[in-house]
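So this block is start-v3.cif, mmCIF, C-alpha atoms and all ligand atoms:
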data_target
loop_
_atom_site.label_atom_id
_atom_site.label_comp_id
_atom_site.auth_asym_id
_atom_site.auth_seq_id
_atom_site.Cartn_x
_atom_site.Cartn_y
_atom_site.Cartn_z
CA MET A 1307 31.72 6.03 14.19
CA LYS A 1308 29.85 8.64 16.20
CA LYS A 1309 26.51 7.19 17.31
CA LEU A 1310 23.44 8.67 15.61
CA THR A 1311 19.76 8.23 16.44
CA ILE A 1312 17.69 7.58 13.33
CA PRO A 1313 13.96 6.92 13.68
CA LEU A 1314 12.19 4.72 11.11
CA VAL A 1315 9.71 7.50 10.39
CA ASP A 1316 10.63 11.13 11.02
CA LEU A 1317 7.66 13.43 10.54
CA LYS A 1318 9.25 16.35 12.39
CA ARG A 1319 11.59 17.24 9.53
CA GLU A 1320 8.77 17.00 7.01
CA TYR A 1321 6.65 19.29 9.20
CA ALA A 1322 9.45 21.84 9.42
CA PHE A 1323 9.50 21.90 5.59
CA LEU A 1324 5.70 22.12 5.19
CA LYS A 1325 4.95 24.29 8.22
CA LYS A 1326 3.69 27.37 6.37
CA GLY A 1327 1.31 25.55 4.02
CA ILE A 1328 -0.08 23.38 6.77
CA GLY A 1329 -0.49 26.39 9.06
CA ARG A 1330 -2.51 28.19 6.38
CA GLN A 1331 -4.75 25.16 5.85
CA ILE A 1332 -5.41 24.74 9.57
CA LYS A 1333 -6.19 28.45 9.92
CA ASP A 1334 -8.79 28.06 7.14
CA CYS A 1335 -10.42 25.24 9.07
CA LEU A 1336 -10.47 27.24 12.29
CA ALA A 1337 -12.04 30.19 10.50
CA SER A 1338 -14.72 28.06 8.82
CA GLN A 1339 -15.41 25.84 11.85
CA HIS A 1340 -16.35 23.02 9.46
CA TRP A 1341 -14.92 19.80 10.78
CA ILE A 1342 -16.79 16.93 9.16
CA LEU A 1343 -16.71 16.55 5.34
CA GLY A 1344 -17.30 20.10 4.00
CA GLU A 1345 -15.34 22.29 1.63
CA LYS A 1346 -11.84 21.00 2.39
CA VAL A 1347 -12.90 17.40 1.82
CA THR A 1348 -14.54 18.27 -1.50
CA GLN A 1349 -11.44 20.22 -2.54
CA PHE A 1350 -9.12 17.35 -1.58
CA GLU A 1351 -11.29 14.82 -3.42
CA LYS A 1352 -11.09 17.02 -6.55
CA GLU A 1353 -7.32 17.46 -6.31
CA LEU A 1354 -6.75 13.76 -5.74
CA SER A 1355 -9.02 12.88 -8.63
CA LYS A 1356 -6.88 15.15 -10.86
CA TYR A 1357 -3.62 13.68 -9.54
CA LEU A 1358 -4.72 10.07 -10.02
CA LYS A 1359 -6.76 10.73 -13.17
CA SER A 1360 -9.62 8.92 -11.49
CA LYS A 1361 -13.26 9.88 -12.07
CA TYR A 1362 -14.40 9.58 -8.45
CA ILE A 1363 -12.60 9.96 -5.13
CA ILE A 1364 -14.40 9.39 -1.85
CA GLY A 1365 -12.59 10.58 1.28
CA LEU A 1366 -12.91 8.26 4.27
CA ASN A 1367 -11.63 7.98 7.80
CA SER A 1368 -9.07 5.20 7.22
CA GLY A 1369 -7.43 2.86 4.75
CA THR A 1370 -9.08 -0.08 6.48
CA ASP A 1371 -12.52 1.39 5.80
CA ALA A 1372 -11.43 2.10 2.23
CA ILE A 1373 -10.96 -1.64 1.66
CA ILE A 1374 -14.13 -2.64 3.52
CA LEU A 1375 -16.32 -0.12 1.70
CA SER A 1376 -14.78 -1.00 -1.68
CA LEU A 1377 -15.64 -4.66 -1.10
CA ARG A 1378 -19.12 -3.99 0.21
CA ALA A 1379 -19.87 -1.80 -2.80
CA GLN A 1380 -18.75 -4.68 -5.06
CA ALA A 1381 -21.10 -7.06 -3.19
CA MET A 1382 -23.97 -4.59 -3.56
CA LYS A 1383 -23.31 -4.02 -7.23
CA LEU A 1384 -22.56 -7.60 -8.27
CA LYS A 1385 -24.88 -9.56 -5.98
CA GLY A 1386 -27.52 -7.00 -5.07
CA LYS A 1387 -26.76 -7.89 -1.42
CA GLU A 1388 -25.23 -5.78 1.31
CA TYR A 1389 -22.53 -8.35 2.08
CA PHE A 1390 -20.85 -11.24 0.29
CA ASP A 1391 -21.79 -14.79 1.32
CA LYS A 1392 -19.32 -17.08 3.11
CA GLU A 1393 -18.85 -19.19 -0.02
CA ASP A 1394 -17.70 -16.12 -1.98
CA GLU A 1395 -13.92 -16.18 -2.08
CA ILE A 1396 -11.51 -13.26 -2.40
CA ILE A 1397 -7.87 -14.01 -3.16
CA THR A 1398 -5.16 -12.03 -1.41
CA THR A 1399 -1.65 -12.19 0.05
CA PRO A 1400 -0.86 -13.29 3.62
CA PHE A 1401 2.22 -11.03 3.59
CA THR A 1402 0.56 -7.72 4.40
CA PHE A 1403 -0.88 -5.72 7.27
CA ILE A 1404 -3.85 -7.25 9.14
CA ALA A 1405 -6.35 -4.75 7.67
CA THR A 1406 -6.25 -6.32 4.19
CA ALA A 1407 -7.70 -9.69 5.18
CA GLU A 1408 -9.77 -8.24 8.02
CA ALA A 1409 -11.64 -6.17 5.42
CA ILE A 1410 -12.46 -9.27 3.37
CA ILE A 1411 -14.00 -10.93 6.42
CA ARG A 1412 -15.94 -7.76 7.29
CA SER A 1413 -17.39 -7.81 3.77
CA GLY A 1414 -18.81 -11.30 4.46
CA ALA A 1415 -16.52 -13.20 2.06
CA THR A 1416 -13.92 -15.91 2.72
CA VAL A 1417 -10.24 -15.04 2.53
CA VAL A 1418 -8.07 -17.17 0.23
CA PHE A 1419 -4.35 -16.73 0.84
CA VAL A 1420 -1.87 -17.40 -1.97
CA ASP A 1421 1.91 -17.13 -1.98
CA ILE A 1422 4.08 -14.16 -2.89
CA ASP A 1423 6.92 -13.70 -5.33
CA PRO A 1424 10.11 -14.04 -3.23
CA GLU A 1425 11.83 -11.13 -4.98
CA THR A 1426 9.11 -8.52 -4.88
CA PHE A 1427 7.20 -9.68 -1.77
CA ASN A 1428 4.02 -9.06 -3.79
CA ILE A 1429 1.28 -11.56 -4.63
CA ASN A 1430 2.32 -14.02 -7.34
CA PRO A 1431 -0.12 -13.90 -10.31
CA GLN A 1432 0.52 -17.55 -11.13
CA CYS A 1433 -0.62 -18.50 -7.60
CA ILE A 1434 -3.77 -16.40 -8.10
CA ARG A 1435 -4.53 -18.36 -11.27
CA GLU A 1436 -4.16 -21.65 -9.46
CA ALA A 1437 -6.49 -20.57 -6.61
CA ILE A 1438 -9.46 -19.63 -8.82
CA ASN A 1439 -12.57 -21.80 -8.62
CA LYS A 1440 -16.30 -21.32 -9.18
CA ASN A 1441 -16.66 -19.44 -5.87
CA THR A 1442 -13.96 -16.85 -6.55
CA VAL A 1443 -15.42 -13.35 -6.86
CA GLY A 1444 -12.42 -11.05 -6.65
CA ILE A 1445 -8.72 -10.37 -6.18
CA LEU A 1446 -7.20 -8.04 -3.59
CA PRO A 1447 -3.57 -7.32 -4.52
CA VAL A 1448 -1.45 -5.27 -2.09
CA HIS A 1449 1.31 -3.04 -3.48
CA LEU A 1450 3.60 -3.84 -0.57
CA PHE A 1451 6.31 -1.52 0.79
CA GLY A 1452 5.65 0.87 -2.14
CA LEU A 1453 6.22 -1.52 -5.05
CA ALA A 1454 3.54 -1.95 -7.70
CA CYS A 1455 2.21 -5.50 -8.14
CA ASP A 1456 2.30 -7.16 -11.54
CA MET A 1457 -1.07 -5.65 -12.48
CA GLU A 1458 -0.69 -6.54 -16.16
CA ASN A 1459 -1.06 -10.24 -15.38
CA ILE A 1460 -3.52 -9.68 -12.54
CA VAL A 1461 -5.86 -7.67 -14.79
CA GLU A 1462 -5.65 -10.35 -17.48
CA ILE A 1463 -6.53 -13.07 -14.96
CA ALA A 1464 -9.43 -10.99 -13.61
CA LYS A 1465 -10.80 -10.39 -17.12
CA GLU A 1466 -10.54 -14.05 -18.13
CA ASN A 1467 -12.38 -15.14 -15.00
CA ASP A 1468 -14.82 -12.25 -14.61
CA LEU A 1469 -13.44 -11.16 -11.24
CA PHE A 1470 -13.29 -7.73 -9.65
CA ILE A 1471 -10.04 -6.19 -8.40
CA VAL A 1472 -9.74 -3.98 -5.33
CA GLU A 1473 -6.18 -2.64 -5.02
CA ASP A 1474 -4.73 -2.05 -1.56
CA VAL A 1475 -2.61 1.03 -2.24
CA ALA A 1476 -2.01 1.89 1.44
CA GLN A 1477 1.79 1.66 1.07
CA ALA A 1478 2.29 2.84 -2.50
CA PHE A 1479 0.76 6.26 -3.02
CA GLY A 1480 1.93 7.81 -6.28
CA ALA A 1481 3.55 4.74 -7.82
CA GLY A 1482 2.80 3.48 -11.32
CA TYR A 1483 4.71 1.73 -14.10
CA VAL A 1484 7.53 2.61 -16.42
CA SER A 1485 7.13 1.18 -19.90
CA GLU A 1486 10.24 -0.29 -21.43
CA ASP A 1487 8.80 -0.66 -24.92
CA ARG A 1488 7.19 2.64 -25.56
CA GLY A 1489 9.41 4.86 -23.46
CA GLN A 1490 6.38 6.41 -21.81
CA LYS A 1491 6.90 8.66 -18.87
CA ILE A 1492 5.64 7.46 -15.50
CA GLU A 1493 3.03 10.21 -15.39
CA ASP A 1494 1.53 9.10 -18.73
CA ARG A 1495 0.63 5.71 -17.36
CA LYS A 1496 -2.01 4.70 -14.87
CA LYS A 1497 -1.24 5.26 -11.23
CA LEU A 1498 -1.83 2.50 -8.72
CA GLY A 1499 -5.36 2.51 -7.39
CA THR A 1500 -6.84 3.35 -10.79
CA ILE A 1501 -6.23 0.00 -12.47
CA GLY A 1502 -8.66 -2.24 -10.58
CA ASN A 1503 -12.36 -1.58 -9.96
CA CYS A 1504 -11.47 0.34 -6.79
CA GLY A 1505 -8.24 1.58 -5.22
CA ALA A 1506 -8.13 1.76 -1.42
CA PHE A 1507 -5.73 4.37 0.00
CA SER A 1508 -4.53 4.93 3.56
CA PHE A 1509 -3.29 8.31 4.74
CA PHE A 1510 -2.00 6.99 8.06
CA PRO A 1511 0.77 9.43 9.14
CA SER A 1512 3.68 7.19 8.10
CA LYS A 1513 2.39 6.61 4.56
CA ASN A 1514 3.91 8.37 1.53
CA LEU A 1515 0.96 10.75 1.68
CA GLY A 1516 0.14 10.92 5.38
CA SER A 1517 -2.38 12.93 7.37
CA TYR A 1518 -2.13 13.96 11.04
CA GLY A 1519 -4.42 11.19 12.25
CA ASP A 1520 -6.40 8.44 10.56
CA ALA A 1521 -7.66 9.05 7.03
CA GLY A 1522 -8.20 7.18 3.76
CA ALA A 1523 -9.91 7.33 0.37
CA ILE A 1524 -11.28 5.22 -2.45
CA SER A 1525 -10.75 5.89 -6.14
CA THR A 1526 -13.03 4.43 -8.78
CA ASP A 1527 -14.27 5.17 -12.30
CA ASP A 1528 -17.58 3.41 -11.63
CA ARG A 1529 -20.37 5.89 -10.85
CA LYS A 1530 -22.69 3.31 -9.26
CA VAL A 1531 -19.90 2.07 -6.96
CA ALA A 1532 -18.93 5.66 -6.05
CA GLU A 1533 -22.55 6.47 -5.13
CA LEU A 1534 -22.81 3.37 -2.95
CA ILE A 1535 -19.58 4.26 -1.14
CA VAL A 1536 -20.71 7.85 -0.53
CA THR A 1537 -23.86 6.41 1.08
CA LEU A 1538 -22.01 3.77 3.11
CA ARG A 1539 -19.50 6.27 4.55
CA ASN A 1540 -22.35 8.24 6.11
CA HIS A 1541 -24.42 5.57 7.91
CA GLY A 1542 -26.02 4.25 4.72
CA GLN A 1543 -28.15 7.39 4.47
CA THR A 1544 -29.63 8.14 1.07
CA HIS A 1545 -31.46 11.13 2.55
CA GLN A 1546 -30.77 12.77 5.87
CA TYR A 1547 -32.05 10.58 8.72
CA ASP A 1548 -33.15 7.84 6.33
CA ALA A 1549 -30.80 4.86 5.88
CA ASN A 1550 -31.06 2.32 3.06
CA TYR A 1551 -28.08 0.23 4.17
CA ILE A 1552 -26.09 -0.62 7.26
CA GLY A 1553 -23.29 1.88 6.87
CA TYR A 1554 -20.44 3.43 8.84
CA ASN A 1555 -19.30 6.65 10.33
CA SER A 1556 -16.38 6.79 7.92
CA ARG A 1557 -16.29 10.42 6.88
CA LEU A 1558 -12.99 12.17 6.25
CA ASP A 1559 -12.40 15.01 8.74
CA SER A 1560 -12.03 18.49 7.23
CA ILE A 1561 -8.78 19.09 9.11
CA GLN A 1562 -7.22 15.88 7.75
CA ALA A 1563 -8.32 16.84 4.22
CA ALA A 1564 -6.76 20.28 4.72
CA ILE A 1565 -3.43 18.75 5.79
CA LEU A 1566 -3.55 16.32 2.87
CA LEU A 1567 -4.17 19.23 0.48
CA ALA A 1568 -1.01 20.91 1.74
CA LYS A 1569 1.00 17.71 1.37
CA LEU A 1570 -0.35 16.42 -1.97
CA LYS A 1571 1.60 19.12 -3.85
CA TYR A 1572 4.88 17.65 -2.59
CA VAL A 1573 4.18 13.95 -2.78
CA ASP A 1574 6.03 13.37 -6.08
CA LYS A 1575 9.04 15.33 -4.84
CA PHE A 1576 9.06 13.26 -1.63
CA ASN A 1577 8.65 10.01 -3.57
CA ASN A 1578 11.60 10.95 -5.76
CA LEU A 1579 13.69 11.61 -2.65
CA ARG A 1580 12.71 8.16 -1.33
CA ILE A 1581 13.81 6.61 -4.65
CA LYS A 1582 17.17 8.44 -4.42
CA ILE A 1583 17.74 7.18 -0.88
CA ALA A 1584 16.89 3.65 -2.04
CA GLN A 1585 19.46 4.01 -4.82
CA LYS A 1586 22.08 4.98 -2.22
CA TYR A 1587 21.20 1.92 -0.15
CA HIS A 1588 21.46 -0.20 -3.28
CA ASP A 1589 24.90 1.14 -4.12
CA GLY A 1590 26.11 0.81 -0.54
CA LEU A 1591 24.68 -2.61 0.22
CA LYS A 1592 25.06 -4.51 -3.04
CA ASN A 1593 27.23 -7.61 -3.14
CA ILE A 1594 27.03 -8.30 0.59
CA LYS A 1595 26.71 -12.01 1.17
CA ASN A 1596 23.28 -13.11 2.46
CA ILE A 1597 21.63 -9.71 1.98
CA TYR A 1598 18.97 -9.42 -0.74
CA LEU A 1599 17.94 -5.93 -1.80
CA PRO A 1600 14.43 -4.89 -2.91
CA SER A 1601 13.90 -5.18 -6.65
CA ALA A 1602 12.65 -2.66 -9.21
CA ILE A 1603 14.68 0.49 -8.86
CA PRO A 1604 13.22 2.37 -11.85
CA SER A 1605 16.55 3.68 -13.04
CA THR A 1606 18.16 0.24 -13.23
CA ARG A 1607 17.82 -1.61 -16.52
CA PRO A 1608 17.08 -4.39 -16.97
CA SER A 1609 15.29 -4.45 -13.68
CA ALA A 1610 15.74 -7.30 -11.30
CA ARG A 1611 12.06 -7.96 -11.23
CA LEU A 1612 9.92 -11.05 -11.29
CA ARG A 1613 12.42 -13.58 -12.44
CA THR A 1614 10.61 -16.42 -10.73
CA SER A 1615 8.31 -18.92 -12.35
CA PHE A 1616 5.79 -17.30 -14.63
CA GLY A 1617 3.74 -20.41 -15.33
CA ARG A 1618 0.89 -19.31 -17.57
CA CYS A 1619 1.56 -15.64 -16.85
CA HIS A 1620 3.66 -13.57 -19.23
CA MET A 1621 6.59 -11.25 -18.65
CA PRO A 1622 5.02 -7.81 -18.16
CA SER A 1623 5.94 -5.17 -20.73
CA SER A 1624 6.31 -2.43 -18.12
CA THR A 1625 8.37 -2.16 -14.95
CA PRO A 1626 6.53 -1.77 -11.67
CA GLN A 1627 7.62 1.42 -9.95
CA HIS A 1628 8.74 1.44 -6.32
CA VAL A 1629 8.09 4.47 -4.10
CA TYR A 1630 9.69 2.93 -1.00
CA ASN A 1631 7.25 3.42 1.82
CA LEU A 1632 9.70 1.02 3.41
CA TYR A 1633 13.14 -0.07 2.19
CA THR A 1634 12.91 -3.75 3.01
CA ILE A 1635 15.86 -6.08 2.65
CA LYS A 1636 15.89 -9.83 3.21
CA VAL A 1637 18.62 -11.57 5.18
CA ALA A 1638 19.17 -15.17 6.23
CA ALA A 1639 16.58 -16.15 8.85
CA ASN A 1640 19.23 -17.11 11.40
CA ILE A 1641 20.81 -13.64 11.40
CA ARG A 1642 17.74 -11.38 11.09
CA ASP A 1643 16.91 -10.90 14.76
CA GLY A 1644 20.57 -10.40 15.71
CA MET A 1645 20.88 -7.81 12.95
CA LEU A 1646 17.79 -5.96 14.18
CA LYS A 1647 19.23 -5.89 17.71
CA PHE A 1648 22.60 -4.68 16.47
CA LEU A 1649 21.07 -1.88 14.37
CA ASN A 1650 18.69 -0.84 17.14
CA SER A 1651 21.55 -0.65 19.64
CA ALA A 1652 23.45 1.52 17.14
CA GLY A 1653 20.50 3.97 17.26
CA ILE A 1654 18.95 2.85 13.94
CA GLN A 1655 15.26 2.10 14.23
CA ALA A 1656 15.05 -0.83 11.82
CA ARG A 1657 11.98 -3.08 12.10
CA SER A 1658 10.62 -6.28 10.71
CA TYR A 1659 7.50 -5.93 8.56
CA TYR A 1660 5.90 -8.45 8.95
CA PRO A 1661 7.26 -11.04 11.38
CA LEU A 1662 4.05 -13.13 11.42
CA PRO A 1663 2.16 -13.80 8.17
CA LEU A 1664 -1.61 -13.49 8.38
CA HIS A 1665 -2.35 -17.19 7.86
CA LYS A 1666 -0.58 -17.88 11.17
CA MET A 1667 -2.87 -15.54 13.12
CA GLU A 1668 -5.81 -16.83 15.16
CA ALA A 1669 -8.05 -14.11 13.68
CA PHE A 1670 -7.73 -15.66 10.22
CA LYS A 1671 -8.34 -19.28 11.09
CA THR A 1672 -11.34 -19.34 8.73
CA ALA A 1673 -9.17 -18.36 5.76
CA LYS A 1674 -8.42 -20.88 3.03
CA ILE A 1675 -4.88 -21.48 1.81
CA SER A 1676 -4.22 -22.27 -1.82
CA GLY A 1677 -1.00 -24.13 -2.61
CA ASN A 1678 1.85 -23.57 -0.20
CA LEU A 1679 3.04 -20.33 1.33
CA ILE A 1680 6.75 -21.11 1.38
CA ASN A 1681 7.91 -17.74 0.04
CA THR A 1682 5.68 -15.87 2.48
CA GLU A 1683 7.04 -17.81 5.41
CA GLU A 1684 10.61 -17.34 4.29
CA ALA A 1685 10.05 -13.61 3.85
CA SER A 1686 8.52 -13.18 7.30
CA ARG A 1687 11.60 -14.82 8.84
CA GLY A 1688 14.10 -12.74 6.87
CA VAL A 1689 12.74 -9.23 6.22
CA LEU A 1690 14.15 -6.11 7.78
CA SER A 1691 13.05 -2.56 6.94
CA LEU A 1692 15.44 0.41 7.06
CA PRO A 1693 14.56 4.10 7.50
CA VAL A 1694 13.80 5.71 4.13
CA ASN A 1695 11.98 8.92 4.91
CA PRO A 1696 12.57 11.74 2.40
CA PHE A 1697 14.49 13.98 4.81
CA LEU A 1698 17.13 11.43 5.72
CA LYS A 1699 20.59 13.05 5.49
CA ASN A 1700 23.48 11.57 3.51
CA ARG A 1701 25.54 11.05 6.64
CA GLU A 1702 22.64 9.13 8.20
CA ILE A 1703 22.31 6.88 5.15
CA ASP A 1704 26.09 6.31 5.20
CA TYR A 1705 25.90 5.52 8.92
CA ILE A 1706 23.22 2.88 8.32
CA ILE A 1707 25.13 1.33 5.41
CA GLU A 1708 28.37 1.36 7.40
CA ASN A 1709 26.75 -0.40 10.36
CA ILE A 1710 25.34 -3.13 8.13
CA ARG A 1711 28.74 -3.58 6.47
CA VAL A 1712 30.46 -3.81 9.87
CA LEU A 1713 27.97 -6.45 10.98
CA ALA A 1714 28.35 -8.41 7.72
CA LYS A 1715 32.11 -8.67 8.30
CA LYS A 1716 31.66 -10.17 11.79
C1 LIG B 1801 -1.11 -2.76 3.39
C2 LIG B 1801 -2.06 -1.99 4.28
N1 LIG B 1801 -3.39 -2.11 4.10
C3 LIG B 1801 -4.26 -1.44 4.85
C4 LIG B 1801 -3.85 -0.61 5.86
C5 LIG B 1801 -4.87 0.07 6.71
O1 LIG B 1801 -4.81 1.46 6.67
P1 LIG B 1801 -5.29 2.34 7.90
O2 LIG B 1801 -4.29 2.21 9.00
O3 LIG B 1801 -5.36 3.73 7.35
O4 LIG B 1801 -6.63 1.85 8.33
C6 LIG B 1801 -2.48 -0.42 6.08
C7 LIG B 1801 -2.01 0.48 7.14
O5 LIG B 1801 -1.01 0.33 7.76
C8 LIG B 1801 -1.55 -1.14 5.27
O6 LIG B 1801 -0.23 -1.01 5.45
#

Encoded form (structure tokens):
Amino acid sequence: MKKLTIPLVDLKREYAFLKKGIGRQIKDCLASQHWILGEKVTQFEKELSKYLKSKYIIGLNSGTDAIILSLRAQAMKLKGKEYFDKEDEIITTPFTFIATAEAIIRSGATVVFVDIDPETFNINPQCIREAINKNTVGILPVHLFGLACDMENIVEIAKENDLFIVEDVAQAFGAGYVSEDRGQKIEDRKKLGTIGNCGAFSFFPSKNLGSYGDAGAISTDDRKVAELIVTLRNHGQTHQYDANYIGYNSRLDSIQAAILLAKLKYVDKFNNLRIKIAQKYHDGLKNIKNIYLPSAIPSTRPSARLRTSFGRCHMPSSTPQHVYNLYTIKVAANIRDGMLKFLNSAGIQARSYYPLPLHKMEAFKTAKISGNLINTEEASRGVLSLPVNPFLKNREIDYIIENIRVLAKK
């Protein structure tokens, strides 16, 4: 096999494809000399609101701020206080990026970690149920690697217990659900980020919709919450030079909004390409001993989803869609690091997301743990993510599959 070099994320090919549109957008910015908020931000917020079918979109400077501001707005609305109190508990997954739990602590609340489903890597609704007590105020599900959480059960649990939901959609822009019963098309159903009280989006360059720097947004249908977030993103000012709250400098830059406007038109096309690449991986890697493939390929029926213990949760009537921000496989813990080394030396930039779960980090020593986190710990020892960017060529996908097959035979 001739050696190839395949980066995990390849934005150069995407740029070559989008060059004209992005060039036009940047020229507009240069001509207007508006760099903070302004016309491009308003236009992007409108376009995103149309795409997501969400009433309000607030552009921000990162996905991390999108979670923090969503939570602070919930505290302000529900408690009439700027921050949650320490006894207020928010339930989330420890198998995610640091920002998710960091945001809970920044909002004043206590983090409660519960285990994941071993097949989907997403938070297990039954574990959420078991973690709820009189101090629980909300749930923060993360649609990890691009796969939608089981929102049907999560919404039901939230309703029964009067809890808010803030969705972390950083890795799953554009995903939704496919209904098996009613044959609805994906676009007829709610997109992720519009199911909970707020959806927090990241437009970090490697995300499915990525800017050329840091950027993020919140979607919500709640006018009061939207107004609070608009105030918080601009230093808590209700009028110029008069602040009601302790806020942030979290405005979305005009130039990032302009780039996002150019890219938003193609996001579904790119997501479909990611799904096709995932299908090729599935076909090429199935039936290899000790390699578990990510579940929920939309075109596979019946899907391999959520077969683990449902407890008091029911089997959802729709299939969570996967838009593959990362194609993450799980291998036996004792071979994972060797496999990473082998692939890296073959020029394939595979990585492990995430090798250390959040509950093991010093920063989260104040977090509570509900039940055990066995599936999280097993996942962090066995996961391995493969390149899945939309411009990956067939021969590159074949090269990756072939290398994994060679290694599996050893
Ligand atoms: C799951 C998750 N949540 C939150 C974030 C934070 O987003 P940002 O980097 O835009 O602040 C990320 C970014 O990597 C993420 O992957």

When you draw a straight line from atom CA of A:Tyr1660 to atom CA of A:Lys1716, how long is it in Å?
->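 Straight-line distance from atom CA of A:Tyr1660 to atom CA of A:Lys1716 works out to 26.0 Å.
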
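You will find atom CA of A:Lys1333 at 17.9 Å from atom CA of A:Leu1570.
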
Nearest to A:Lys1647 among A:Leu1698, A:Ile1710, A:Val1629, A:Ala1322, with distances taken over all atoms listed in the file: which residue is it?
->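 The closest residue to A:Lys1647 is A:Ile1710.
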
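Remark: for A:Gly1482, the closest of the candidate residues A:Ala1714, A:Ala1379, A:Leu1453, A:Ala1669 is A:Leu1453 (distances computed over all atoms listed in the file).
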
Please, what distance in Å, to one decimal, runs between atom CA of A:Ile1641 and atom CA of A:Arg1711?
-> 13.7 Å

Option closest in space to ligand LIG 1801 (chain B), from A:Asn1578, A:Thr1399, A:Ser1413, A:Ser1691 [counting only C-alpha atoms and all ligand atoms] = A:Thr1399

Pick out the closest residue to A:Asn1503 from this set: A:Thr1526, A:Ser1355, A:Thr1311, A:Ser1368. Count only C-alpha atoms.
-> A:Thr1526

Env. residues ligand LIG 1801 (chain B) / 8 Å / all atoms listed in the file / as a list in words =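 The residues within 8 Å of ligand LIG 1801 (chain B), counting all atoms listed in the file, are Asn1367, Ser1368, Gly1369, Thr1370, Asp1371, Ala1372, Ile1373, Thr1402, Phe1403, Ile1404, Ala1405, Thr1406, Val1448, His1449, Leu1450, Phe1451, Asp1474, Val1475, Ala1476, Gln1477, Phe1507, Ser1508, Phe1509, Phe1510, Lys1513, Asp1520, Ala1521 and Gly1522 of chain A.
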
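If only C-alpha atoms are the atoms counted, then among A:Thr1442, A:Ser1601, A:Gln1627, A:Asn1695 the closest residue to A:Ser1512 is A:Asn1695.
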
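When all atoms listed in the file are used to measure the gap to A:Leu1358, the shortest distance among A:Ser1525, A:Asn1459, A:Asn1709, A:Gln1331 belongs to A:Ser1525.
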
Just the residues within 9 Å of A:Leu1354, please, counting all atoms listed in the file, with nothing from its chain fewer than 3 positions along; format it as a ChimeraX atom specification.
-> /A:1349-1351,1357-1360,1363,1525,1567,1570

Edge lengths and centre in Å to one decimal, as lines of an AutoDock Vina configuration file, of the axis-aligned box that encloses all listed atoms of stretch 1495-1512 of chain A with 4 Å added on every side?
center_x = -4.3
center_y = 3.6
center_z = -4.1
size_x = 24.0
size_y = 19.7
size_z = 34.5

Please provide as a CSV table (one decimal) with C-alpha atoms, keeping the file's coordinate frame all residues within 12 Å of A:Arg1330, with the sequence filter that same-chain residues fewer than 3 positions apart are discarded (counting only C-alpha atoms).
chain,number,residue,atom,x,y,z
A,1324,LEU,CA,5.7,22.1,5.2
A,1325,LYS,CA,5.0,24.3,8.2
A,1326,LYS,CA,3.7,27.4,6.4
A,1327,GLY,CA,1.3,25.6,4.0
A,1333,LYS,CA,-6.2,28.4,9.9
A,1334,ASP,CA,-8.8,28.1,7.1
A,1335,CYS,CA,-10.4,25.2,9.1
A,1336,LEU,CA,-10.5,27.2,12.3
A,1337,ALA,CA,-12.0,30.2,10.5
A,1561,ILE,CA,-8.8,19.1,9.1
A,1564,ALA,CA,-6.8,20.3,4.7
A,1565,ILE,CA,-3.4,18.8,5.8
A,1567,LEU,CA,-4.2,19.2,0.5
A,1568,ALA,CA,-1.0,20.9,1.7

Residue rebuild result stretch 1520-1529 of chain A, N, CA and C atoms as a compact mmCIF listing (two decimals), keeping the file's coordinate frame:
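And here's part-v5.txt as it stands now:
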# COMPACT_ATOMS: atom_id res chain seq x y z
N ASP A 1520 -5.95 9.46 11.51
CA ASP A 1520 -6.40 8.44 10.56
C ASP A 1520 -7.16 9.08 9.40
N ALA A 1521 -6.92 8.57 8.21
CA ALA A 1521 -7.66 9.05 7.03
C ALA A 1521 -7.43 8.07 5.88
N GLY A 1522 -8.34 8.07 4.92
CA GLY A 1522 -8.20 7.18 3.76
C GLY A 1522 -9.08 7.68 2.62
N ALA A 1523 -9.05 6.96 1.51
CA ALA A 1523 -9.91 7.33 0.37
C ALA A 1523 -10.04 6.14 -0.57
N ILE A 1524 -11.09 6.21 -1.38
CA ILE A 1524 -11.28 5.22 -2.45
C ILE A 1524 -11.28 5.96 -3.78
N SER A 1525 -10.63 5.36 -4.78
CA SER A 1525 -10.75 5.89 -6.14
C SER A 1525 -11.49 4.85 -6.98
N THR A 1526 -12.34 5.33 -7.85
CA THR A 1526 -13.03 4.43 -8.78
C THR A 1526 -13.52 5.22 -9.99
N ASP A 1527 -13.68 4.53 -11.11
CA ASP A 1527 -14.27 5.17 -12.30
C ASP A 1527 -15.72 4.76 -12.45
N ASP A 1528 -16.23 3.98 -11.51
CA ASP A 1528 -17.58 3.41 -11.63
C ASP A 1528 -18.56 4.27 -10.81
N ARG A 1529 -19.47 4.94 -11.51
CA ARG A 1529 -20.37 5.89 -10.85
C ARG A 1529 -21.25 5.21 -9.80
